[in-house]
file structure_16.txt (compact mmCIF, C-alpha atoms)
# COMPACT_ATOMS: atom_id res chain seq x y z
CA MET A 272 -69.66 -51.93 -6.54
CA THR A 273 -68.29 -52.49 -3.12
CA VAL A 274 -65.50 -50.16 -1.92
CA ALA A 275 -62.97 -51.07 0.76
CA VAL A 276 -62.57 -48.29 3.25
CA LYS A 277 -59.94 -48.26 5.97
CA PHE A 278 -59.58 -45.51 8.53
CA ALA A 279 -56.24 -44.99 10.18
CA GLY A 280 -54.99 -42.17 12.47
CA ALA A 281 -52.24 -39.85 11.18
CA ALA A 282 -50.01 -37.49 13.11
CA VAL A 283 -50.07 -34.72 10.58
CA SER A 284 -53.23 -35.05 8.47
CA THR A 285 -56.60 -36.83 8.62
CA THR A 286 -58.25 -38.31 5.52
CA ARG A 287 -62.00 -38.89 5.42
CA PHE A 288 -63.77 -40.99 2.80
CA THR A 289 -67.51 -40.68 2.22
CA THR A 290 -69.38 -43.28 0.12
CA ASN A 291 -73.01 -44.18 -0.48
CA VAL A 292 -72.99 -46.68 2.40
CA SER A 293 -74.94 -45.74 5.45
CA ARG A 294 -73.38 -43.51 8.09
CA ALA A 295 -74.00 -46.21 10.71
CA ALA A 296 -72.04 -48.74 8.69
CA ALA A 297 -69.21 -46.23 8.24
CA ARG A 298 -69.08 -45.59 11.98
CA ALA A 299 -69.08 -49.33 12.63
CA VAL A 300 -66.16 -49.76 10.28
CA ALA A 301 -64.29 -46.88 11.91
CA SER A 302 -64.82 -48.32 15.41
CA SER A 303 -64.11 -51.94 14.63
CA GLY A 304 -61.35 -51.52 12.10
CA VAL A 305 -63.09 -53.98 9.74
CA VAL A 306 -62.07 -53.59 6.12
CA ALA A 307 -64.90 -53.81 3.56
CA VAL A 308 -64.11 -55.55 0.29
CA PRO A 309 -66.26 -56.36 -2.77
CA LYS A 310 -68.47 -59.45 -2.64
CA GLY A 311 -66.58 -61.20 -5.34
CA GLU A 312 -63.29 -60.75 -3.52
CA ALA A 313 -64.86 -61.93 -0.25
CA ALA A 314 -66.21 -65.07 -1.90
CA ASN A 315 -62.94 -65.91 -3.52
CA SER A 316 -60.83 -65.31 -0.43
CA GLY A 317 -63.15 -67.10 1.99
CA LYS A 318 -63.17 -64.10 4.34
CA PRO A 319 -66.41 -62.57 5.57
CA SER A 320 -67.53 -59.57 3.67
CA GLY A 321 -67.90 -56.28 5.38
CA ILE A 322 -69.84 -53.34 3.98
CA THR A 323 -71.70 -53.55 0.68
CA ALA A 324 -72.23 -50.34 -1.23
CA ALA A 325 -75.72 -49.57 -2.53
CA SER A 326 -74.47 -47.72 -5.54
CA SER A 327 -71.57 -47.91 -7.94
CA GLN A 328 -70.85 -44.20 -7.58
CA THR A 329 -68.18 -43.15 -5.10
CA SER A 330 -67.09 -39.71 -3.97
CA PHE A 331 -64.42 -38.73 -1.52
CA THR A 332 -62.90 -35.62 -0.02
CA THR A 333 -59.51 -35.21 1.61
CA MET A 334 -59.15 -32.87 4.56
CA THR A 335 -55.59 -32.00 5.58
CA ALA A 336 -54.90 -30.36 8.88
CA PRO A 337 -53.11 -27.00 8.40
CA TYR A 338 -49.32 -26.96 9.10
CA VAL A 339 -48.47 -24.79 12.04
CA GLN A 340 -44.83 -23.56 12.21
CA GLN A 341 -43.28 -23.95 15.61
CA ARG A 342 -41.56 -20.74 16.70
CA PHE A 343 -38.79 -20.82 19.22
CA MET A 344 -37.82 -17.17 19.60
CA SER A 345 -40.93 -15.03 19.27
CA GLY A 346 -44.63 -15.26 18.69
CA PHE A 347 -44.58 -12.64 15.97
CA ALA A 348 -42.67 -12.09 12.71
CA ALA A 349 -40.87 -8.87 11.89
CA GLY A 350 -41.94 -7.70 8.48
CA PRO A 351 -44.13 -5.22 6.63
CA GLY A 352 -46.72 -3.66 8.86
CA THR A 353 -44.99 -4.26 12.17
CA ASN A 354 -42.53 -2.26 14.22
CA LYS A 355 -41.56 -5.05 16.57
CA VAL A 356 -38.01 -6.36 16.52
CA PRO A 357 -37.53 -10.06 17.25
CA SER A 358 -35.13 -11.15 19.96
CA PHE A 359 -31.96 -12.97 18.98
CA ALA A 360 -30.69 -13.49 22.51
CA ASP A 361 -30.52 -17.28 22.13
CA TYR A 362 -28.30 -16.93 19.06
CA THR A 363 -25.75 -14.54 20.52
CA LYS A 364 -22.45 -15.59 22.04
CA GLU A 365 -22.38 -16.21 25.74
CA ARG A 366 -19.19 -14.17 26.15
CA SER A 367 -19.08 -10.63 27.45
CA ASN A 368 -18.70 -7.56 25.28
CA ASP A 369 -15.23 -6.93 26.70
CA SER A 370 -13.90 -10.28 25.53
CA SER A 371 -15.39 -9.81 22.06
CA ARG A 372 -13.94 -6.33 21.84
CA ALA A 373 -10.51 -7.58 22.93
CA PHE A 374 -10.57 -10.29 20.29
CA THR A 375 -11.55 -7.76 17.61
CA TYR A 376 -8.74 -5.42 18.61
CA PHE A 377 -6.27 -8.29 18.62
CA MET A 378 -7.23 -9.33 15.10
CA LEU A 379 -7.03 -5.76 13.86
CA GLY A 380 -3.61 -5.28 15.43
CA ALA A 381 -2.27 -8.56 14.09
CA SER A 382 -3.57 -7.79 10.60
CA GLY A 383 -2.04 -4.31 10.72
CA ALA A 384 1.32 -5.73 11.80
CA VAL A 385 1.32 -8.27 8.98
CA LEU A 386 0.37 -5.65 6.39
CA THR A 387 3.01 -3.23 7.70
CA THR A 388 5.72 -5.89 7.49
CA ALA A 389 4.69 -6.82 3.97
CA ALA A 390 4.66 -3.17 2.87
CA GLN A 391 8.08 -2.55 4.43
CA SER A 392 9.55 -5.59 2.69
CA THR A 393 8.09 -4.50 -0.64
CA VAL A 394 9.37 -0.93 -0.34
CA HIS A 395 12.80 -2.11 0.82
CA GLY A 396 13.13 -4.45 -2.14
CA PHE A 397 12.03 -1.72 -4.53
CA LEU A 398 14.50 0.81 -3.14
CA THR A 399 17.29 -1.77 -3.16
CA ASN A 400 16.75 -2.33 -6.86
CA LEU A 401 16.86 1.43 -7.45
CA SER A 402 20.07 1.96 -5.49
CA ALA A 403 23.38 2.29 -7.28
CA SER A 404 25.42 -0.83 -7.93
CA ALA A 405 28.94 -1.38 -6.62
CA ASP A 406 30.64 -0.24 -9.83
CA VAL A 407 28.59 2.95 -9.90
CA LEU A 408 29.44 3.67 -6.27
CA ALA A 409 33.10 3.15 -7.06
CA MET A 410 32.86 5.87 -9.71
CA ALA A 411 31.07 8.21 -7.28
CA THR A 412 34.34 9.12 -5.58
CA THR A 413 37.61 10.32 -7.05
CA GLU A 414 40.98 10.30 -5.31
CA MET A 415 44.07 12.33 -6.16
CA ASP A 416 47.56 12.89 -4.79
CA LEU A 417 47.91 16.61 -4.08
CA SER A 418 51.68 16.41 -3.85
CA THR A 419 51.85 16.13 -7.64
CA ILE A 420 50.41 19.63 -8.16
CA PRO A 421 52.99 22.47 -7.99
CA VAL A 422 52.14 25.77 -6.34
CA GLY A 423 50.32 28.10 -8.71
CA LYS A 424 49.12 25.31 -11.02
CA THR A 425 45.65 23.95 -11.71
CA VAL A 426 44.78 20.34 -12.56
CA THR A 427 41.50 19.18 -14.05
CA ILE A 428 40.14 15.77 -12.98
CA LYS A 429 36.90 13.98 -13.77
CA TRP A 430 34.29 13.28 -11.10
CA ARG A 431 30.86 11.82 -11.90
CA GLY A 432 31.26 12.85 -15.51
CA LYS A 433 31.99 16.48 -14.62
CA PRO A 434 35.30 18.36 -14.66
CA VAL A 435 36.72 19.46 -11.31
CA PHE A 436 39.41 22.14 -11.03
CA VAL A 437 42.02 21.61 -8.30
CA LYS A 438 44.09 24.77 -7.92
CA HIS A 439 47.18 25.05 -5.73
CA ARG A 440 47.06 28.73 -4.89
CA THR A 441 49.93 30.98 -4.03
CA GLN A 442 49.94 33.20 -0.96
CA GLU A 443 49.40 36.23 -3.18
CA GLU A 444 46.28 34.65 -4.68
CA ILE A 445 44.99 33.83 -1.21
CA ASP A 446 45.47 37.41 -0.06
CA ASP A 447 43.73 38.77 -3.17
CA ALA A 448 40.75 36.49 -2.62
CA ASN A 449 40.40 37.57 1.01
CA GLY A 450 40.71 41.28 0.17
CA VAL A 451 37.69 41.46 -2.11
CA ASN A 452 34.77 43.67 -1.03
CA LEU A 453 31.83 41.24 -0.71
CA LYS A 454 29.30 43.95 -1.50
CA SER A 455 30.71 44.24 -5.00
CA LEU A 456 30.10 40.55 -5.78
CA PRO A 457 27.00 39.36 -7.70
CA ASP A 458 26.90 36.31 -5.41
CA PRO A 459 28.51 37.48 -2.13
CA GLN A 460 30.56 34.79 -0.43
CA ASP A 461 33.84 35.06 1.45
CA ASP A 462 36.84 32.96 0.49
CA ALA A 463 37.15 31.19 3.86
CA SER A 464 33.70 29.59 3.49
CA ARG A 465 34.65 28.07 0.13
CA VAL A 466 37.85 26.28 1.12
CA GLN A 467 38.99 23.77 3.74
CA MET A 468 42.65 24.66 3.35
CA PRO A 469 43.50 28.15 2.02
CA GLU A 470 46.08 26.89 -0.49
CA TRP A 471 43.71 24.43 -2.15
CA MET A 472 40.80 25.73 -4.24
CA ILE A 473 38.54 22.92 -5.51
CA VAL A 474 35.53 23.78 -7.69
CA VAL A 475 33.30 22.05 -10.23
CA GLY A 476 34.49 23.30 -13.63
CA ILE A 477 31.09 24.25 -15.06
CA CYS A 478 29.93 27.79 -15.76
CA THR A 479 26.76 28.63 -13.83
CA HIS A 480 25.32 30.47 -16.81
CA LEU A 481 24.68 27.79 -19.43
CA GLY A 482 26.90 24.91 -18.31
CA CYS A 483 30.00 25.60 -20.38
CA VAL A 484 33.51 24.65 -19.23
CA PRO A 485 35.60 27.75 -18.46
CA THR A 486 39.29 28.01 -19.31
CA THR A 487 41.81 27.88 -16.47
CA ASP A 488 44.10 30.70 -15.27
CA SER A 489 42.46 33.28 -17.51
CA GLY A 490 40.01 36.16 -17.38
CA ASP A 491 40.23 39.60 -15.83
CA TYR A 492 40.68 38.20 -12.29
CA GLY A 493 43.21 35.42 -12.87
CA GLY A 494 40.86 32.57 -12.13
CA TRP A 495 38.59 31.14 -14.84
CA TYR A 496 36.98 32.58 -17.91
CA CYS A 497 34.04 31.26 -19.94
CA PRO A 498 34.54 32.40 -23.57
CA CYS A 499 31.00 31.39 -24.58
CA HIS A 500 29.29 34.40 -22.97
CA GLY A 501 32.09 36.24 -21.22
CA SER A 502 31.76 35.22 -17.54
CA HIS A 503 34.83 35.99 -15.38
CA TYR A 504 35.63 34.12 -12.13
CA ASP A 505 38.36 34.94 -9.61
CA VAL A 506 40.80 32.50 -7.92
CA SER A 507 38.06 31.64 -5.40
CA GLY A 508 35.65 30.59 -8.16
CA ARG A 509 33.35 33.53 -7.53
CA ILE A 510 31.61 35.29 -10.41
CA ARG A 511 32.99 38.80 -10.83
CA LYS A 512 31.74 39.87 -14.24
CA GLY A 513 29.48 38.50 -16.97
CA PRO A 514 26.02 36.88 -17.26
CA ALA A 515 26.64 34.00 -14.83
CA PRO A 516 24.37 34.47 -11.79
CA LEU A 517 26.16 32.29 -9.23
CA ASN A 518 29.60 31.29 -8.07
CA MET A 519 31.10 28.02 -9.25
CA GLU A 520 29.97 24.99 -7.26
CA ILE A 521 32.09 23.52 -4.46
CA PRO A 522 31.92 19.68 -4.40
CA GLU A 523 32.06 17.57 -1.28
CA TYR A 524 35.65 16.58 -0.60
CA VAL A 525 38.04 15.54 2.13
CA ILE A 526 41.76 16.29 2.36
CA GLU A 527 43.82 13.86 4.45
CA GLY A 528 47.47 14.80 4.24
CA ASP A 529 48.30 14.78 0.52
CA LYS A 530 45.26 12.68 -0.40
CA LEU A 531 42.21 14.35 -1.88
CA THR A 532 38.93 12.42 -1.97
CA ILE A 533 36.04 13.99 -3.85
CA GLY A 534 32.52 12.64 -3.31
call {"tool": "encode", "arguments": {"input": "structure_16.txt", "output": "structure tokens"}}
result
Amino acid sequence: MTVAVKFAGAAVSTTRFTTNVSRAAARAVASSGVVAVPKGEAANSGKPSGITAASSQTSFTTMTAPYVQQRFMSGFAAGPGTNKVPSFADYTKERSNDSSRAFTYFMLGASGAVLTTAAQSTVHGFLTNLSASADVLAMATTEMDLSTIPVGKTVTIKWRGKPVFVKHRTQEEIDDANGVNLKSLPDPQDDASRVQMPEWMIVVGICTHLGCVPTTDSGDYGGWYCPCHGSHYDVSGRIRKGPAPLNMEIPEYVIEGDKLTIG
């Protein structure tokens, strides 16, 4: 059997074929570039035959040149067994550290401003939904004409679901309230600090003991009396006797002429 052998140069690998033909014939083929074909093929094609094999057995080996990785940064690899750190200078930005730091601070500041605005908007919307509506705010204040209350009389009005006593005091009642010894009171408080105008006593009509509603112009001191547990209040709304620990509450109010506005 005749084997055709062609040798060609390769950039990456080199292949070498070895047959039973003589080494001299192989070198001649390699130098001349002549391709050897079987005799039958040469006779049929009319082309001159090249190398004729002496045996029908053929063996070949392929030898590939090893691939060598091209390294651009360093001649060594950082990994197990080495303490060298490769250089990444060619991959870093060509800007200075100051410019990079300024950009980082700018992004952090801008992100913080956006997050703060979003949080403020969210909290504002939440608090707006929790705030009282217009009809509730309208009920938060109560107005009354004081000129309709005679001297010495007490009127009960409703404010925020609670009773409020509006008492038009006489001069005698005012003098009695101012003449009380504060040391004898369970909850010491002078009369002047509980009123805006001496003739008008305005208190929340709820007993400070258990929340009952006292009766008006009654009790041992001519003010209010809680029959539930026997608490006595004077004309200034101060507790004088009984289990109540504190004086009656004074609401926020404004008096403008004859107009009283509570709340």
call {"tool": "atom_distance", "arguments": {"input": "structure_16.txt", "atom1": "CA of Ala463 (chain A)", "atom2": "CA of Asn518 (chain A)"}}
result
14.1 Å
call {"tool": "residues_around", "arguments": {"input": "structure_16.txt", "residues": "region 473-490 of chain A", "least_positions_apart": "3", "cutoff": "8 Å", "atoms": "all atoms listed in the file", "output": "ChimeraX atom specification"}}
result
/A:425,433-438,466,493-499,502-504,508,514-522
call {"tool": "atom_distance", "arguments": {"input": "structure_16.txt", "atom1": "CA of Asp461 (chain A)", "atom2": "CA of Thr441 (chain A)"}}
result
17.5 Å
call {"tool": "atom_distance", "arguments": {"input": "structure_16.txt", "atom1": "CA of Ala405 (chain A)", "atom2": "CA of Gly534 (chain A)"}}
result
14.8 Å
call {"tool": "closest_residue", "arguments": {"input": "structure_16.txt", "among": "A:Trp471, A:Val356, A:His439, A:Leu386", "to": "Tyr524 (chain A)", "atoms": "only C-alpha atoms"}}
result
A:Trp471
call {"tool": "axis_aligned_box", "arguments": {"input": "structure_16.txt", "around": "region 416-433 of chain A", "padding_each_side": "8 Å", "output": "JSON"}}
result
{"center_x": 41.9, "center_y": 20.0, "center_z": -9.7, "size_x": 38.1, "size_y": 32.3, "size_z": 27.7}
call {"tool": "closest_residue", "arguments": {"input": "structure_16.txt", "among": "A:Arg440, A:Ala373, A:Gln460, A:Ser392", "to": "Pro421 (chain A)", "atoms": "all atoms listed in the file"}}
result
A:Arg440
